[in-house]
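Containing PDB, C-alpha atoms: run17.pdb.
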ATOM      1  CA  MET J   1      74.403  -2.455 -66.594  1.00  0.00           C
ATOM      2  CA  SER J   2      75.460  -2.976 -63.005  1.00  0.00           C
ATOM      3  CA  PHE J   3      74.311  -0.711 -60.205  1.00  0.00           C
ATOM      4  CA  ASN J   4      77.802   0.763 -59.870  1.00  0.00           C
ATOM      5  CA  GLY J   5      77.947   1.351 -63.638  1.00  0.00           C
ATOM      6  CA  LEU J   6      74.622   3.180 -63.507  1.00  0.00           C
ATOM      7  CA  LYS J   7      75.804   5.232 -60.523  1.00  0.00           C
ATOM      8  CA  ASP J   8      78.955   6.230 -62.421  1.00  0.00           C
ATOM      9  CA  LEU J   9      76.894   7.158 -65.484  1.00  0.00           C
ATOM     10  CA  TYR J  10      74.610   9.353 -63.385  1.00  0.00           C
ATOM     11  CA  LYS J  11      77.629  11.003 -61.756  1.00  0.00           C
ATOM     12  CA  GLN J  12      79.052  11.750 -65.219  1.00  0.00           C
ATOM     13  CA  VAL J  13      75.742  13.271 -66.367  1.00  0.00           C
ATOM     14  CA  ILE J  14      75.663  15.567 -63.318  1.00  0.00           C
ATOM     15  CA  LEU J  15      79.293  16.617 -63.772  1.00  0.00           C
ATOM     16  CA  ASP J  16      78.765  17.265 -67.485  1.00  0.00           C
ATOM     17  CA  HIS J  17      75.737  19.505 -66.872  1.00  0.00           C
ATOM     18  CA  SER J  18      77.601  21.306 -64.089  1.00  0.00           C
ATOM     19  CA  LYS J  19      80.783  21.954 -66.079  1.00  0.00           C
ATOM     20  CA  TYR J  20      79.037  22.646 -69.406  1.00  0.00           C
ATOM     21  CA  PRO J  21      75.600  24.019 -68.531  1.00  0.00           C
ATOM     22  CA  ARG J  22      73.053  24.060 -71.322  1.00  0.00           C
ATOM     23  CA  ASN J  23      70.966  27.146 -72.025  1.00  0.00           C
ATOM     24  CA  ASN J  24      73.081  29.343 -69.799  1.00  0.00           C
ATOM     25  CA  GLY J  25      72.142  32.995 -70.266  1.00  0.00           C
ATOM     26  CA  GLU J  26      69.076  35.178 -70.188  1.00  0.00           C
ATOM     27  CA  VAL J  27      65.968  35.345 -72.338  1.00  0.00           C
ATOM     28  CA  VAL J  28      65.572  39.046 -73.100  1.00  0.00           C
ATOM     29  CA  ASP J  29      62.027  40.390 -72.646  1.00  0.00           C
ATOM     30  CA  GLY J  30      60.881  37.104 -71.110  1.00  0.00           C
ATOM     31  CA  TYR J  31      59.433  36.085 -67.785  1.00  0.00           C
ATOM     32  CA  LYS J  32      62.190  36.121 -65.178  1.00  0.00           C
ATOM     33  CA  LEU J  33      62.541  35.170 -61.534  1.00  0.00           C
ATOM     34  CA  GLU J  34      65.534  34.835 -59.215  1.00  0.00           C
ATOM     35  CA  MET J  35      65.664  32.866 -55.991  1.00  0.00           C
ATOM     36  CA  LEU J  36      68.327  32.171 -53.403  1.00  0.00           C
ATOM     37  CA  ASN J  37      68.986  29.056 -51.369  1.00  0.00           C
ATOM     38  CA  PRO J  38      70.301  30.656 -48.162  1.00  0.00           C
ATOM     39  CA  SER J  39      71.417  27.347 -46.660  1.00  0.00           C
ATOM     40  CA  CYS J  40      74.285  26.994 -49.139  1.00  0.00           C
ATOM     41  CA  GLY J  41      74.316  30.213 -51.169  1.00  0.00           C
ATOM     42  CA  ASP J  42      72.937  28.967 -54.500  1.00  0.00           C
ATOM     43  CA  LYS J  43      71.458  31.814 -56.543  1.00  0.00           C
ATOM     44  CA  ILE J  44      69.595  30.980 -59.754  1.00  0.00           C
ATOM     45  CA  THR J  45      67.653  33.163 -62.186  1.00  0.00           C
ATOM     46  CA  VAL J  46      65.386  31.447 -64.700  1.00  0.00           C
ATOM     47  CA  SER J  47      64.024  33.367 -67.667  1.00  0.00           C
ATOM     48  CA  MET J  48      61.698  32.109 -70.370  1.00  0.00           C
ATOM     49  CA  ASP J  49      59.696  33.053 -73.410  1.00  0.00           C
ATOM     50  CA  ILE J  50      56.196  31.578 -73.414  1.00  0.00           C
ATOM     51  CA  GLU J  51      54.157  31.983 -76.602  1.00  0.00           C
ATOM     52  CA  ASP J  52      50.788  30.369 -77.280  1.00  0.00           C
ATOM     53  CA  ASN J  53      51.170  28.333 -74.085  1.00  0.00           C
ATOM     54  CA  ILE J  54      54.483  26.813 -75.313  1.00  0.00           C
ATOM     55  CA  ILE J  55      57.884  27.363 -73.682  1.00  0.00           C
ATOM     56  CA  LYS J  56      59.721  28.676 -76.743  1.00  0.00           C
ATOM     57  CA  ASP J  57      62.936  29.397 -74.879  1.00  0.00           C
ATOM     58  CA  ILE J  58      64.224  28.925 -71.345  1.00  0.00           C
ATOM     59  CA  LYS J  59      67.594  29.868 -69.879  1.00  0.00           C
ATOM     60  CA  PHE J  60      69.235  30.299 -66.525  1.00  0.00           C
ATOM     61  CA  VAL J  61      72.119  32.118 -64.914  1.00  0.00           C
ATOM     62  CA  GLY J  62      73.414  31.382 -61.485  1.00  0.00           C
ATOM     63  CA  THR J  63      76.063  30.596 -58.988  1.00  0.00           C
ATOM     64  CA  GLY J  64      76.172  27.718 -56.599  1.00  0.00           C
ATOM     65  CA  CYS J  65      77.095  24.118 -56.110  1.00  0.00           C
ATOM     66  CA  SER J  66      77.384  21.587 -58.919  1.00  0.00           C
ATOM     67  CA  ILE J  67      74.012  20.031 -58.005  1.00  0.00           C
ATOM     68  CA  SER J  68      72.070  23.308 -58.356  1.00  0.00           C
ATOM     69  CA  LEU J  69      73.790  24.243 -61.630  1.00  0.00           C
ATOM     70  CA  ALA J  70      73.414  20.768 -63.127  1.00  0.00           C
ATOM     71  CA  SER J  71      69.765  20.640 -62.122  1.00  0.00           C
ATOM     72  CA  ALA J  72      69.081  24.050 -63.702  1.00  0.00           C
ATOM     73  CA  SER J  73      70.797  22.932 -66.902  1.00  0.00           C
ATOM     74  CA  MET J  74      68.735  19.723 -66.998  1.00  0.00           C
ATOM     75  CA  LEU J  75      65.552  21.700 -66.373  1.00  0.00           C
ATOM     76  CA  THR J  76      66.117  23.973 -69.362  1.00  0.00           C
ATOM     77  CA  GLU J  77      66.805  21.058 -71.686  1.00  0.00           C
ATOM     78  CA  GLU J  78      63.787  19.112 -70.521  1.00  0.00           C
ATOM     79  CA  LEU J  79      61.245  21.958 -70.635  1.00  0.00           C
ATOM     80  CA  LYS J  80      62.173  23.813 -73.826  1.00  0.00           C
ATOM     81  CA  GLY J  81      59.459  23.282 -76.433  1.00  0.00           C
ATOM     82  CA  LEU J  82      56.896  21.833 -74.035  1.00  0.00           C
ATOM     83  CA  SER J  83      53.425  23.176 -73.423  1.00  0.00           C
ATOM     84  CA  VAL J  84      52.906  24.775 -70.018  1.00  0.00           C
ATOM     85  CA  SER J  85      50.760  21.813 -68.900  1.00  0.00           C
ATOM     86  CA  GLU J  86      53.440  19.298 -70.021  1.00  0.00           C
ATOM     87  CA  ALA J  87      56.085  21.342 -68.211  1.00  0.00           C
ATOM     88  CA  ASN J  88      54.000  21.404 -65.032  1.00  0.00           C
ATOM     89  CA  LEU J  89      53.670  17.601 -65.138  1.00  0.00           C
ATOM     90  CA  LYS J  90      57.429  17.217 -65.613  1.00  0.00           C
ATOM     91  CA  ILE J  91      58.124  19.614 -62.718  1.00  0.00           C
ATOM     92  CA  LYS J  92      55.707  17.685 -60.500  1.00  0.00           C
ATOM     93  CA  ASP J  93      57.404  14.372 -61.380  1.00  0.00           C
ATOM     94  CA  PHE J  94      60.850  15.839 -60.729  1.00  0.00           C
ATOM     95  CA  LEU J  95      59.870  17.279 -57.335  1.00  0.00           C
ATOM     96  CA  ASN J  96      58.191  13.997 -56.347  1.00  0.00           C
ATOM     97  CA  MET J  97      61.333  12.091 -57.379  1.00  0.00           C
ATOM     98  CA  ILE J  98      63.594  14.361 -55.323  1.00  0.00           C
ATOM     99  CA  MET J  99      61.324  13.991 -52.302  1.00  0.00           C
ATOM    100  CA  GLY J 100      61.413  10.189 -52.628  1.00  0.00           C
ATOM    101  CA  ASN J 101      57.743   9.954 -53.676  1.00  0.00           C
ATOM    102  CA  ASP J 102      56.165   8.096 -56.596  1.00  0.00           C
ATOM    103  CA  PHE J 103      56.760   9.692 -59.997  1.00  0.00           C
ATOM    104  CA  ASN J 104      56.566   8.864 -63.705  1.00  0.00           C
ATOM    105  CA  GLU J 105      60.127   7.874 -64.591  1.00  0.00           C
ATOM    106  CA  ASP J 106      59.285   7.987 -68.318  1.00  0.00           C
ATOM    107  CA  ASN J 107      58.539  11.708 -68.030  1.00  0.00           C
ATOM    108  CA  LEU J 108      62.099  12.632 -66.967  1.00  0.00           C
ATOM    109  CA  GLU J 109      65.330  12.586 -68.941  1.00  0.00           C
ATOM    110  CA  ASP J 110      68.811  13.550 -67.665  1.00  0.00           C
ATOM    111  CA  SER J 111      67.264  14.771 -64.428  1.00  0.00           C
ATOM    112  CA  LEU J 112      66.835  11.116 -63.424  1.00  0.00           C
ATOM    113  CA  ALA J 113      70.528  11.321 -62.527  1.00  0.00           C
ATOM    114  CA  LEU J 114      69.487  13.338 -59.458  1.00  0.00           C
ATOM    115  CA  GLN J 115      67.132  10.667 -58.114  1.00  0.00           C
ATOM    116  CA  ASN J 116      69.325   9.714 -55.149  1.00  0.00           C
ATOM    117  CA  ILE J 117      69.459  13.313 -53.892  1.00  0.00           C
ATOM    118  CA  SER J 118      66.446  12.387 -51.741  1.00  0.00           C
ATOM    119  CA  GLN J 119      68.956  10.483 -49.572  1.00  0.00           C
ATOM    120  CA  LEU J 120      70.952  13.695 -49.019  1.00  0.00           C
ATOM    121  CA  PRO J 121      68.512  16.096 -47.316  1.00  0.00           C
ATOM    122  CA  ALA J 122      70.997  18.978 -47.322  1.00  0.00           C
ATOM    123  CA  ARG J 123      71.117  18.816 -51.147  1.00  0.00           C
ATOM    124  CA  VAL J 124      67.361  18.653 -51.831  1.00  0.00           C
ATOM    125  CA  LYS J 125      67.037  22.458 -51.882  1.00  0.00           C
ATOM    126  CA  CYS J 126      69.994  22.678 -54.271  1.00  0.00           C
ATOM    127  CA  ALA J 127      68.412  20.244 -56.720  1.00  0.00           C
ATOM    128  CA  THR J 128      64.933  21.748 -56.578  1.00  0.00           C
ATOM    129  CA  LEU J 129      65.761  25.481 -56.688  1.00  0.00           C
ATOM    130  CA  ALA J 130      65.517  26.037 -60.470  1.00  0.00           C
ATOM    131  CA  TRP J 131      62.477  23.763 -60.720  1.00  0.00           C
ATOM    132  CA  LYS J 132      60.617  25.697 -58.004  1.00  0.00           C
ATOM    133  CA  ILE J 133      61.507  28.996 -59.679  1.00  0.00           C
ATOM    134  CA  THR J 134      60.110  27.701 -62.966  1.00  0.00           C
ATOM    135  CA  GLU J 135      56.996  26.355 -61.257  1.00  0.00           C
ATOM    136  CA  LYS J 136      56.389  29.829 -59.813  1.00  0.00           C
ATOM    137  CA  ILE J 137      56.929  31.542 -63.198  1.00  0.00           C
ATOM    138  CA  LEU J 138      54.426  29.187 -64.842  1.00  0.00           C
ATOM    139  CA  GLU J 139      51.977  29.747 -61.996  1.00  0.00           C
ATOM    140  CA  GLU J 140      52.260  33.534 -62.392  1.00  0.00           C
ATOM    141  CA  ASN J 141      51.948  33.265 -66.177  1.00  0.00           C
ATOM    142  CA  ASN J 142      48.734  31.274 -65.769  1.00  0.00           C
ATOM    143  CA  LYS J 143      46.980  34.057 -63.837  1.00  0.00           C
TER
END
Step by step, read the file and then write its structure as structure tokens.
Amino acid sequence: MSFNGLKDLYKQVILDHSKYPRNNGEVVDGYKLEMLNPSCGDKITVSMDIEDNIIKDIKFVGTGCSISLASASMLTEELKGLSVSEANLKIKDFLNMIMGNDFNEDNLEDSLALQNISQLPARVKCATLAWKITEKILEENNK
């Protein structure tokens, strides 16, 4: 596949997740955290059910740009069913990718479509918001 073909595919993946977000909603009686990206107004709440160190369910609700909503949708698909340690590794790889650092490409799925966000500094916070919220929830759960 040509570079332009891959770019178009990634754009389609982002648009699909933005228009038809997966796991949109709230996990009742789960861990929940909301954060705001004041630079562009994105507001995301991630909620999850963690049982026996496994993410049994994860959902999000939010408002914001297509990048933040698509990224939150990708996050929920990629983390559901993982152990907390597997989820932490995936979050670390995603954040490294977005920052333009080395990461394990094999550990990411649809979220690879956001790889070039590192070239758009104003959009980095949009792409990382849901992932940082989830990282904080997992950190708090580990205490």
With a distance cut-off of 9 Å and all atoms listed in the file, select the neighbouring residues of range 16-22 of chain J, excluding the residue or stretch itself and same-chain residues fewer than 2 positions from it, and output the selection as a PyMOL selection string. chain J and resi 11-14+24+59-60+65-74+76-77
Return as a PyMOL selection string the set of residues that the PyMOL selection byres ((chain J and resi 40) around 12) yields on the displayed structure. chain J and resi 36-39+41-43+63-68+122-127+129
Pull C-alpha atoms from the residues just selected and write them as a short mmCIF file (atom, residue, chain, number, x, y, z; two decimals), in the coordinates of the input.
data_model
loop_
_atom_site.label_atom_id
_atom_site.label_comp_id
_atom_site.auth_asym_id
_atom_site.auth_seq_id
_atom_site.Cartn_x
_atom_site.Cartn_y
_atom_site.Cartn_z
CA LEU J 36 68.33 32.17 -53.40
CA ASN J 37 68.99 29.06 -51.37
CA PRO J 38 70.30 30.66 -48.16
CA SER J 39 71.42 27.35 -46.66
CA GLY J 41 74.32 30.21 -51.17
CA ASP J 42 72.94 28.97 -54.50
CA LYS J 43 71.46 31.81 -56.54
CA THR J 63 76.06 30.60 -58.99
CA GLY J 64 76.17 27.72 -56.60
CA CYS J 65 77.10 24.12 -56.11
CA SER J 66 77.38 21.59 -58.92
CA ILE J 67 74.01 20.03 -58.00
CA SER J 68 72.07 23.31 -58.36
CA ALA J 122 71.00 18.98 -47.32
CA ARG J 123 71.12 18.82 -51.15
CA VAL J 124 67.36 18.65 -51.83
CA LYS J 125 67.04 22.46 -51.88
CA CYS J 126 69.99 22.68 -54.27
CA ALA J 127 68.41 20.24 -56.72
CA LEU J 129 65.76 25.48 -56.69
#
For CA of Ser47 in chain J and CA of Gly100 in chain J, the interatomic separation in Å (one decimal):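 According to the coordinates, CA of Ser47 in chain J and CA of Gly100 in chain J are separated by 27.8 Å.
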Taking all atoms of range 84-103 of chain J that the file lists, what box with edges along x, y and z, padded by 6 Å per side, do you get, with centre and edge lengths in Å to one decimal, as AutoDock Vina command-line options?
--center_x 57.2 --center_y 16.4 --center_z -61.2 --size_x 24.8 --size_y 28.7 --size_z 29.7
Of the candidates J:Glu140, J:Asp110, J:Val84, J:Ile117, which shows the shortest atom-to-atom distance to Ile98 in chain J, using only C-alpha atoms? J:Ile117
Nearest to Val46 in chain J, chosen from J:Thr134, J:Asn141, J:Asn88, J:Gln115, with only C-alpha atoms counted in the distances: J:Thr134
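For the pair CA of Pro121 in chain J and CA of Glu26 in chain J, the separation is 29.8 Å.
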I'd like to know which of J:Val61, J:Ile50, J:Leu75, J:Val28 is closest to Asn142 in chain J, using all atoms listed in the file.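 For Asn142 in chain J, the nearest of the given residues is J:Ile50.
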Check which residues satisfy the PyMOL selection byres ((chain J and resi 33) around 7) in the file shown, then give them as an MDAnalysis selection string. chainID J and resid 32 34:35 45:47 133 137
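Shortest atom-to-atom contact with Asp49 in chain J among J:Val27, J:Leu82, J:Ala87, J:Leu15: J:Val27, counting all atoms listed in the file.
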Mind giving me the straight-line distance from CA of Met99 in chain J to CA of Thr128 in chain J in Å, one decimal? 9.6 Å
Leaving out range 103-106 of chain J and any residue of its chain fewer than 3 positions from it, which residues lie within 9 Å of it when counting all atoms listed in the file, given as a list of chain:residue names?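 That gives J:Lys90, J:Lys92, J:Asp93, J:Phe94, J:Leu95, J:Asn96, J:Met97, J:Gly100, J:Glu109, J:Leu112.
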Might you pull out every residue within 10 Å of Lys56 in chain J, with all atoms listed in the file counted and same-chain residues fewer than 2 positions away left off, and present them as a list in words?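 The filter keeps Met48, Asp49, Ile50, Glu51, Asp52, Asn53, Ile54, Ile58, Leu79, Lys80, Gly81, Leu82 and Ser83 of chain J.
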